[in-house]
Structures are given as C-alpha cells and as structure tokens.
file start_2.txt (compact mmCIF, C-alpha atoms)
# COMPACT_ATOMS: atom_id res chain seq x y z
CA MET A 400 81.55 118.09 76.77
CA PRO A 401 83.79 117.26 79.73
CA HIS A 402 87.14 115.69 78.99
CA PRO A 403 87.39 111.91 79.54
CA PRO A 404 88.59 110.92 83.03
CA ALA A 405 91.48 108.96 81.51
CA LYS A 406 92.89 112.18 80.05
CA ILE A 407 92.59 114.01 83.36
CA ARG A 408 94.50 111.15 85.02
CA ARG A 409 97.08 111.25 82.23
CA MET A 410 97.65 114.95 82.84
CA PHE A 411 98.31 114.21 86.50
CA GLU A 412 100.90 111.64 85.49
CA LEU A 413 102.57 114.15 83.17
CA VAL A 414 102.63 117.27 85.36
CA GLU A 415 103.78 115.39 88.47
CA PRO A 416 107.44 114.84 87.43
CA ILE A 417 107.66 118.36 86.04
CA ALA A 418 106.30 119.99 89.19
CA THR A 419 108.26 117.80 91.59
CA ILE A 420 111.58 118.72 89.99
CA THR A 421 111.36 121.38 92.70
CA PHE A 422 112.26 118.72 95.28
CA SER A 423 115.43 117.69 93.46
CA GLU A 424 119.10 118.44 94.11
CA VAL A 425 119.48 121.83 92.40
CA PRO A 426 116.69 123.62 94.34
CA ASN A 427 117.71 121.79 97.51
CA GLU A 428 121.29 123.03 97.21
CA ALA A 429 120.01 126.57 96.66
CA PHE A 430 118.03 126.43 99.90
CA LEU A 431 120.93 124.92 101.82
CA ALA A 432 123.09 127.83 100.64
CA LEU A 433 120.63 130.18 102.38
CA GLY A 434 121.13 128.46 105.73
CA MET A 435 118.55 125.71 105.66
CA ARG A 436 119.63 122.84 107.92
CA ASN A 437 118.41 120.01 105.72
CA TYR A 438 116.23 119.03 102.79
CA TRP A 439 112.97 119.38 104.74
CA ASP A 440 113.69 122.97 105.74
CA GLY A 441 113.91 123.84 102.05
CA TYR A 442 110.85 121.75 101.23
CA PHE A 443 108.66 123.56 103.73
CA ALA A 444 110.10 127.00 102.96
CA GLY A 445 109.46 126.61 99.26
CA ARG A 446 106.14 124.81 99.29
CA ALA A 447 104.59 126.82 102.13
CA ALA A 448 105.81 130.20 100.86
CA PRO A 449 102.58 130.93 98.90
CA LEU A 450 100.81 130.91 102.30
CA GLY A 451 103.08 133.67 103.64
CA THR A 452 104.20 133.32 107.24
CA ALA A 453 101.28 131.10 108.18
CA PRO A 454 101.90 129.26 111.48
CA ALA A 455 102.76 125.58 111.56
CA GLU A 456 99.18 124.65 112.47
CA VAL A 457 97.88 126.23 109.25
CA VAL A 458 100.57 124.70 107.05
CA HIS A 459 99.88 121.32 108.67
CA ALA A 460 96.18 121.68 107.88
CA VAL A 461 96.75 122.72 104.26
CA PHE A 462 99.39 120.06 103.52
CA TYR A 463 97.18 117.50 105.30
CA ASN A 464 99.36 114.40 105.12
CA PHE A 465 102.26 115.07 107.47
CA ALA A 466 102.31 113.40 110.88
CA ASP A 467 101.67 115.55 113.94
CA GLY A 468 104.67 117.70 114.81
CA GLU A 469 106.53 117.29 111.52
CA VAL A 470 105.65 120.72 110.13
CA ALA A 471 106.48 122.44 113.43
CA ARG A 472 110.08 121.24 113.20
CA HIS A 473 110.53 123.59 110.24
CA ILE A 474 107.81 126.26 110.41
CA PRO A 475 108.33 129.01 111.56
CA TRP A 476 112.10 128.36 111.99
CA VAL A 477 112.75 128.75 108.25
CA TRP A 478 111.28 132.27 108.24
CA GLY A 479 114.18 133.36 110.42
CA LYS A 480 116.52 132.50 107.54
CA VAL A 481 114.51 133.46 104.47
CA SER A 482 111.32 135.41 103.78
CA PRO A 483 108.45 133.77 101.88
CA GLN A 484 109.14 136.12 98.96
CA GLU A 485 112.80 135.07 98.86
CA ALA A 486 111.84 131.41 99.16
CA LEU A 487 109.49 131.72 96.19
CA ALA A 488 112.23 133.28 94.08
CA VAL A 489 114.78 130.65 95.07
CA ARG A 490 112.30 127.86 94.41
CA GLU A 491 111.40 129.17 90.96
CA ARG A 492 115.01 129.75 89.89
CA GLY A 493 116.18 126.41 91.22
CA SER A 494 113.28 124.48 89.72
CA ALA A 495 113.69 126.10 86.30
CA ALA A 496 117.43 125.44 86.38
CA ALA A 497 116.89 121.79 87.34
CA LEU A 498 114.27 121.31 84.64
CA ARG A 499 116.45 122.98 82.02
CA GLN A 500 119.32 120.72 83.04
CA VAL A 501 117.38 117.49 82.52
CA LEU A 502 115.61 118.62 79.34
CA GLY A 503 118.69 119.58 77.34
CA ASP A 504 117.67 120.65 73.84
CA LEU A 505 113.99 120.21 74.69
CA ALA A 506 114.24 123.26 76.95
CA GLY A 507 114.57 125.58 73.96
CA SER A 508 112.11 123.81 71.68
CA PRO A 509 108.97 125.38 70.17
CA GLY A 510 107.04 122.44 71.61
CA LEU A 511 107.97 123.41 75.15
CA VAL A 512 106.91 127.01 74.54
CA ARG A 513 103.58 125.80 73.21
CA ALA A 514 103.14 123.37 76.10
CA ALA A 515 103.89 126.12 78.60
CA GLY A 516 101.24 128.31 77.03
CA LEU A 517 98.54 125.65 77.00
CA ALA A 518 99.36 124.44 80.50
CA THR A 519 99.34 127.97 81.86
CA ARG A 520 95.98 128.75 80.29
CA ALA A 521 94.54 125.71 82.05
CA ALA A 522 96.38 126.26 85.32
CA VAL A 523 95.12 129.81 85.92
CA SER A 524 91.51 129.13 84.93
CA ALA A 525 90.03 127.08 87.77
CA PRO A 526 87.99 128.40 90.71
CA THR A 527 90.01 128.84 93.90
CA GLU A 528 87.24 128.26 96.47
CA GLY A 529 88.24 125.61 98.99
CA ARG A 530 91.74 125.28 97.52
CA ALA A 531 94.07 127.23 99.78
CA LEU A 532 97.42 126.22 98.33
CA TYR A 533 96.24 126.55 94.74
CA ALA A 534 94.84 129.99 95.57
CA GLY A 535 98.15 131.06 97.06
CA LEU A 536 99.97 130.00 93.91
CA ARG A 537 97.40 131.68 91.69
CA ALA A 538 98.18 134.98 93.40
CA LEU A 539 101.78 134.83 92.16
CA ASP A 540 103.02 136.30 88.90
CA VAL A 541 103.37 133.84 86.02
CA PRO A 542 107.05 133.62 85.00
CA GLU A 543 108.02 134.92 81.57
CA ASP A 544 110.70 132.31 80.88
CA PRO A 545 109.00 129.34 79.13
CA VAL A 546 110.75 126.67 81.21
CA ALA A 547 109.91 128.43 84.46
CA ARG A 548 106.37 129.03 83.17
CA LEU A 549 105.88 125.34 82.42
CA TRP A 550 107.15 124.39 85.88
CA HIS A 551 104.88 127.01 87.49
CA ALA A 552 101.82 125.82 85.53
CA SER A 553 102.58 122.20 86.42
CA THR A 554 102.87 123.16 90.08
CA LEU A 555 99.53 124.97 89.95
CA LEU A 556 97.87 121.95 88.37
CA ARG A 557 99.50 119.59 90.87
CA GLU A 558 98.45 121.61 93.91
CA HIS A 559 94.95 122.16 92.51
CA ARG A 560 94.60 118.40 92.31
CA GLY A 561 96.20 118.01 95.74
CA ASP A 562 93.74 120.38 97.38
CA GLY A 563 90.90 118.38 95.87
CA HIS A 564 92.48 115.10 96.95
CA ASN A 565 92.67 116.32 100.54
CA ALA A 566 88.98 117.22 100.42
CA VAL A 567 88.11 113.72 99.18
CA LEU A 568 90.26 112.10 101.86
CA LEU A 569 88.53 114.19 104.51
CA ALA A 570 85.10 113.32 103.13
CA ASN A 571 86.00 109.63 103.33
CA GLY A 572 87.38 109.89 106.86
CA ILE A 573 90.95 109.13 105.79
CA GLY A 574 93.61 111.03 107.73
CA GLY A 575 96.98 112.06 106.36
CA THR A 576 99.01 109.15 107.71
CA GLU A 577 96.21 106.75 106.79
CA ALA A 578 96.38 108.07 103.23
CA HIS A 579 100.08 107.17 103.08
CA VAL A 580 99.32 103.66 104.32
CA LEU A 581 96.71 103.18 101.60
CA LEU A 582 99.10 104.59 98.98
CA ALA A 583 101.84 102.23 100.10
CA LEU A 584 99.51 99.24 99.83
CA SER A 585 98.35 100.33 96.37
CA LEU A 586 102.01 100.33 95.31
CA GLY A 587 102.48 96.80 96.63
CA MET A 588 104.51 97.94 99.64
CA ARG A 589 104.08 97.34 103.34
CA ALA A 590 103.34 100.52 105.25
CA GLU A 591 106.55 100.36 107.26
CA GLU A 592 108.57 100.29 104.02
CA PHE A 593 107.02 103.46 102.56
CA GLY A 594 109.36 106.43 102.49
CA ARG A 595 106.97 109.07 103.77
CA ILE A 596 106.02 107.17 106.94
CA HIS A 597 108.72 104.55 107.55
CA HIS A 598 110.44 106.92 109.99
CA LEU A 599 107.43 107.14 112.30
CA PRO A 600 107.65 105.40 115.66
CA ARG A 601 106.46 101.84 115.15
CA ALA A 602 103.81 102.16 117.86
CA ARG A 603 102.31 105.20 116.11
CA LEU A 604 102.28 103.52 112.71
CA ASP A 605 100.83 100.32 114.19
CA ALA A 606 98.03 102.36 115.77
CA VAL A 607 97.16 103.88 112.38
CA ILE A 608 97.13 100.45 110.73
CA ASP A 609 95.03 99.02 113.57
CA GLY A 610 92.51 101.81 113.02
CA LEU A 611 92.27 100.97 109.32
CA ARG A 612 91.94 97.29 110.21
CA ALA A 613 89.09 98.06 112.60
CA ARG A 614 87.30 99.83 109.76
CA GLY A 615 87.71 96.79 107.50
CA LEU A 616 90.14 98.46 105.09
CA VAL A 617 93.26 96.49 106.03
CA ASP A 618 93.44 92.76 106.67
CA ALA A 619 95.20 90.84 109.44
CA ALA A 620 98.38 90.54 107.34
CA GLY A 621 98.55 94.31 106.78
CA GLY A 622 97.32 94.26 103.17
CA PHE A 623 94.22 95.61 101.45
CA THR A 624 90.83 94.09 102.03
CA ASP A 625 88.40 94.31 99.12
CA ALA A 626 86.75 97.24 100.90
CA GLY A 627 90.10 98.95 101.37
CA ARG A 628 91.01 98.60 97.71
CA GLU A 629 87.58 99.85 96.66
CA THR A 630 87.90 102.85 98.99
CA LYS A 631 91.29 103.75 97.55
CA GLU A 632 90.01 103.45 93.99
CA ARG A 633 86.93 105.53 94.79
CA ILE A 634 89.06 108.27 96.34
CA GLU A 635 91.34 108.41 93.30
CA ALA A 636 88.43 108.50 90.87
CA ARG A 637 86.72 111.35 92.75
CA THR A 638 90.04 113.18 92.96
CA ASP A 639 90.34 112.99 89.18
CA GLU A 640 86.83 114.40 88.83
CA LEU A 641 87.71 117.35 91.07
CA ALA A 642 90.96 117.88 89.13
CA ALA A 643 89.11 118.38 85.84
CA PRO A 644 88.04 122.08 85.96
CA PRO A 645 91.36 123.62 84.80
CA TYR A 646 91.20 121.62 81.58
CA ASP A 647 87.80 123.04 80.71
CA ALA A 648 89.79 126.01 79.39
CA LEU A 649 91.18 123.78 76.62
CA THR A 650 89.40 122.21 73.68
CA ALA A 651 89.64 118.46 73.21
CA ASP A 652 92.21 118.98 70.46
CA GLU A 653 94.26 121.33 72.63
CA LEU A 654 94.27 118.88 75.53
CA ASP A 655 95.40 116.09 73.19
CA GLU A 656 98.13 118.38 71.87
CA LEU A 657 99.24 119.27 75.40
CA ILE A 658 99.44 115.60 76.38
CA THR A 659 101.54 114.83 73.31
CA LEU A 660 103.87 117.77 73.95
CA LEU A 661 104.30 116.95 77.63
CA GLU A 662 105.11 113.28 77.20
CA PRO A 663 108.83 113.67 76.27
CA ILE A 664 109.24 116.51 78.78
CA ALA A 665 107.74 114.49 81.63
CA ALA A 666 109.78 111.44 80.64
CA ALA A 667 112.99 113.46 80.82
CA ALA A 668 112.01 115.00 84.17
CA ALA A 669 111.07 111.59 85.58
CA ASP A 670 114.51 110.22 84.67
CA ASP A 671 116.24 112.86 86.82

call {"tool": "encode", "arguments": {"input": "start_2.txt", "output": "structure tokens"}}
result
Amino acid sequence: MPHPPAKIRRMFELVEPIATITFSEVPNEAFLALGMRNYWDGYFAGRAAPLGTAPAEVVHAVFYNFADGEVARHIPWVWGKVSPQEALAVRERGSAAALRQVLGDLAGSPGLVRAAGLATRAAVSAPTEGRALYAGLRALDVPEDPVARLWHASTLLREHRGDGHNAVLLANGIGGTEAHVLLALSLGMRAEEFGRIHHLPRARLDAVIDGLRARGLVDAAGGFTDAGRETKERIEARTDELAAPPYDALTADELDELITLLEPIAAAAADD
C-alpha cells in the first residue's frame, strides 16, 4: 500500500530545514574562506558540484527557477577557485558542523542515528531517471558520521522532490520566475516582496506577472484568481505524488517512526 499523501508532505516539511542548513552561516563562511566573493558563489559551488563542471546553461536548466543570467554570474567562475570535489567536501563538513551546532545534545542521540539510517535507506532507493540533480547526489559516497549522513539523506530527499517539482512545473507551463510568483502569492505576499525575485528589474517582473494575468492565474490586483490557486494546489499535490517513491523502501511503521524522530531535529534546525 502506498503511504498517505499527508505523510509524504510531512516528510518534505521535516527534511527541508535539515537539508537547507547547508545555506546557513557556517557553510557560507567556509566557502568565503576559499575565495568565494559572496553567498551566491558558495551556493552555486556547493549545490551544483554534483553535476561536475557543467556549464552555466546546464546548471540553469537543472535548477530551473533562477532568472536568466543569474547562474552565469557564478558558474563557471567558482571552478577557478575550487573544484567540484573540494566544494562537495566543504559543503558536507560545513553542513554537518552547522547541524551539530544547532542540535546540541540531539546530535549524539540514538534517535538521530536511527533517523539517519531510516532516511538514508529511503533516500538511496528511488529511481534516478529524469532526476539529474538527485542522480548526481546518488553517485556520491554516503557519509559515515550520523549527523552528516542525516544531512546527506535529507538533501537527497529534498533534491529528489525538487527534480519532480520542476517536471510538474514544466508540464503545467510554469516557468521558474512564474513559480516564484505563485509561491509568493500562496504565502500571502506580493511578488515584488518575495526574496527570491524582489531584486529583479521591475519591468521584467511586471512582464512575468502580466503573462500569468493573461493566462487567468493572477487577477488585476496581483493576487491569485481561483484558477491560479487551483493550479498551484494541483502542482503541489502532483509534486507530492512524485516525491513518494523513496519512502516505498520503508514500512508504514518505519515511516511513522522516522517522522517522530525527525520532528525535534527539524524543529531545532528550523530555529537556526
């Protein structure tokens, strides 16, 4: 029997703060120490490293949701400062250190070891077809340290879901910047207030919003129409369906156990 969609969504909510600890201060400082010019250099070096020295056009395609030209400001420049192999090592060390820092005593608990084992079993079990970033991560060695292993498994699960999400966006004709607009609206924010796109030239952002308005997804005031809200909800539901295969490796009881074990870990990571 497949796991209930609500549990697949709950796993997304739990692995997200654990995986994204990699974008926090400790890993960022480690990348800056290697000569990165800013946060985004480190972001692209670390996240794109599983793809090797792929050109900016490929990274842009795989990441999907960055505006035109944003990736090219960092790729391939970062590979003149650090190799993909070095970036992977720095990212893993920095992420594990950051997670250990926020977890305190939880970092050495039997529950974390158990969670790392269950999460890893799920994370390495899914098919890789059509999931370029997930496949790149799957090719890496699984860390031995339990904290690093839990971060690595969470990252695999996050990027597996992300690859599927991009496929659903593409199937629904939603581009990367459009996806950020819809996300902003679902969070009750105006598009120009949303952190991932607020820096875009106003004319470019207005053109994206006008395109969504012409399709009946955004109203005259810049908010959701009923069709826009339904489209967003349909995309998220299908994304959850495509995110389910890793958890087929776990029994219902094991998935319930993993959710219970991850809840205090994710809460601590989210408070960072």

call {"tool": "residues_around", "arguments": {"input": "start_2.txt", "residues": "Val512 of chain A", "least_positions_apart": "6", "cutoff": "9 Å", "atoms": "only C-alpha atoms", "output": "list in words"}}
result
Ala506, Pro545, Val546, Arg548 and Leu549 of chain A

call {"tool": "closest_residue", "arguments": {"input": "start_2.txt", "among": "A:Val541, A:Ala590, A:Ala626, A:Ala471", "to": "Glu491 of chain A", "atoms": "all atoms listed in the file"}}
result
A:Val541

call {"tool": "closest_residue", "arguments": {"input": "start_2.txt", "among": "A:Thr659, A:Asn571, A:Thr638, A:Ser524", "to": "Leu555 of chain A", "atoms": "all atoms listed in the file"}}
result
A:Ser524

call {"tool": "residues_around", "arguments": {"input": "start_2.txt", "residues": "Ala547 of chain A", "least_positions_apart": "6", "cutoff": "8 Å", "atoms": "all atoms listed in the file", "output": "ChimeraX atom specification"}}
result
/A:491-492,494-495

call {"tool": "closest_residue", "arguments": {"input": "start_2.txt", "among": "A:Ala429, A:Ala447, A:Leu517, A:Val470", "to": "Thr650 of chain A", "atoms": "all atoms listed in the file"}}
result
A:Leu517

call {"tool": "closest_residue", "arguments": {"input": "start_2.txt", "among": "A:Gln500, A:Thr421, A:Thr630, A:Asn464", "to": "Leu487 of chain A", "atoms": "all atoms listed in the file"}}
result
A:Thr421

call {"tool": "closest_residue", "arguments": {"input": "start_2.txt", "among": "A:Leu431, A:Pro426, A:Ile634, A:Ser553", "to": "Glu412 of chain A", "atoms": "all atoms listed in the file"}}
result
A:Ser553

call {"tool": "atom_distance", "arguments": {"input": "start_2.txt", "atom1": "atom CA of Ala515 of chain A", "atom2": "atom CA of Pro401 of chain A"}}
result
22.0 Å

call {"tool": "atom_distance", "arguments": {"input": "start_2.txt", "atom1": "atom CA of Leu498 of chain A", "atom2": "atom CA of Ala668 of chain A"}}
result
6.7 Å

call {"tool": "closest_residue", "arguments": {"input": "start_2.txt", "among": "A:Ser482, A:Thr554, A:Thr624, A:Asn427", "to": "Leu539 of chain A", "atoms": "only C-alpha atoms"}}
result
A:Thr554

call {"tool": "residues_around", "arguments": {"input": "start_2.txt", "residues": "segment 592-604 of chain A", "least_positions_apart": "3", "cutoff": "12 Å", "atoms": "all atoms listed in the file", "output": "PyMOL selection string"}}
result
chain A and resi 439+464-469+575-589+607-611+621

call {"tool": "write_last_selection", "arguments": {"input": "start_2.txt", "atoms": "C-alpha atoms", "output": "CSV table (one decimal), in the frame of the given file"}}
result
chain,number,residue,atom,x,y,z
A,439,TRP,CA,113.0,119.4,104.7
A,464,ASN,CA,99.4,114.4,105.1
A,465,PHE,CA,102.3,115.1,107.5
A,466,ALA,CA,102.3,113.4,110.9
A,467,ASP,CA,101.7,115.6,113.9
A,468,GLY,CA,104.7,117.7,114.8
A,469,GLU,CA,106.5,117.3,111.5
A,575,GLY,CA,97.0,112.1,106.4
A,576,THR,CA,99.0,109.2,107.7
A,577,GLU,CA,96.2,106.8,106.8
A,578,ALA,CA,96.4,108.1,103.2
A,579,HIS,CA,100.1,107.2,103.1
A,580,VAL,CA,99.3,103.7,104.3
A,581,LEU,CA,96.7,103.2,101.6
A,582,LEU,CA,99.1,104.6,99.0
A,583,ALA,CA,101.8,102.2,100.1
A,584,LEU,CA,99.5,99.2,99.8
A,585,SER,CA,98.4,100.3,96.4
A,586,LEU,CA,102.0,100.3,95.3
A,587,GLY,CA,102.5,96.8,96.6
A,588,MET,CA,104.5,97.9,99.6
A,589,ARG,CA,104.1,97.3,103.3
A,607,VAL,CA,97.2,103.9,112.4
A,608,ILE,CA,97.1,100.4,110.7
A,609,ASP,CA,95.0,99.0,113.6
A,610,GLY,CA,92.5,101.8,113.0
A,611,LEU,CA,92.3,101.0,109.3
A,621,GLY,CA,98.6,94.3,106.8

call {"tool": "atom_distance", "arguments": {"input": "start_2.txt", "atom1": "atom CA of Ile658 of chain A", "atom2": "atom CA of Ala514 of chain A"}}
result
8.6 Å

call {"tool": "axis_aligned_box", "arguments": {"input": "start_2.txt", "around": "segment 481-485 of chain A", "padding_each_side": "4 Å", "output": "JSON"}}
result
{"center_x": 111.5, "center_y": 134.8, "center_z": 101.7, "size_x": 14.1, "size_y": 10.7, "size_z": 13.6}

call {"tool": "residues_near_point", "arguments": {"input": "start_2.txt", "point": "(116.7, 117.0, 77.7)", "cutoff": "10 Å", "atoms": "only C-alpha atoms", "output": "list in words"}}
result
Leu498, Arg499, Gln500, Val501, Leu502, Gly503, Asp504, Leu505, Ala506, Gly507, Pro663, Ile664, Ala666, Ala667, Ala668 and Asp670 of chain A

call {"tool": "residues_around", "arguments": {"input": "start_2.txt", "residues": "segment 528-532 of chain A", "least_positions_apart": "6", "cutoff": "8 Å", "atoms": "all atoms listed in the file", "output": "count of residues only"}}
result
7
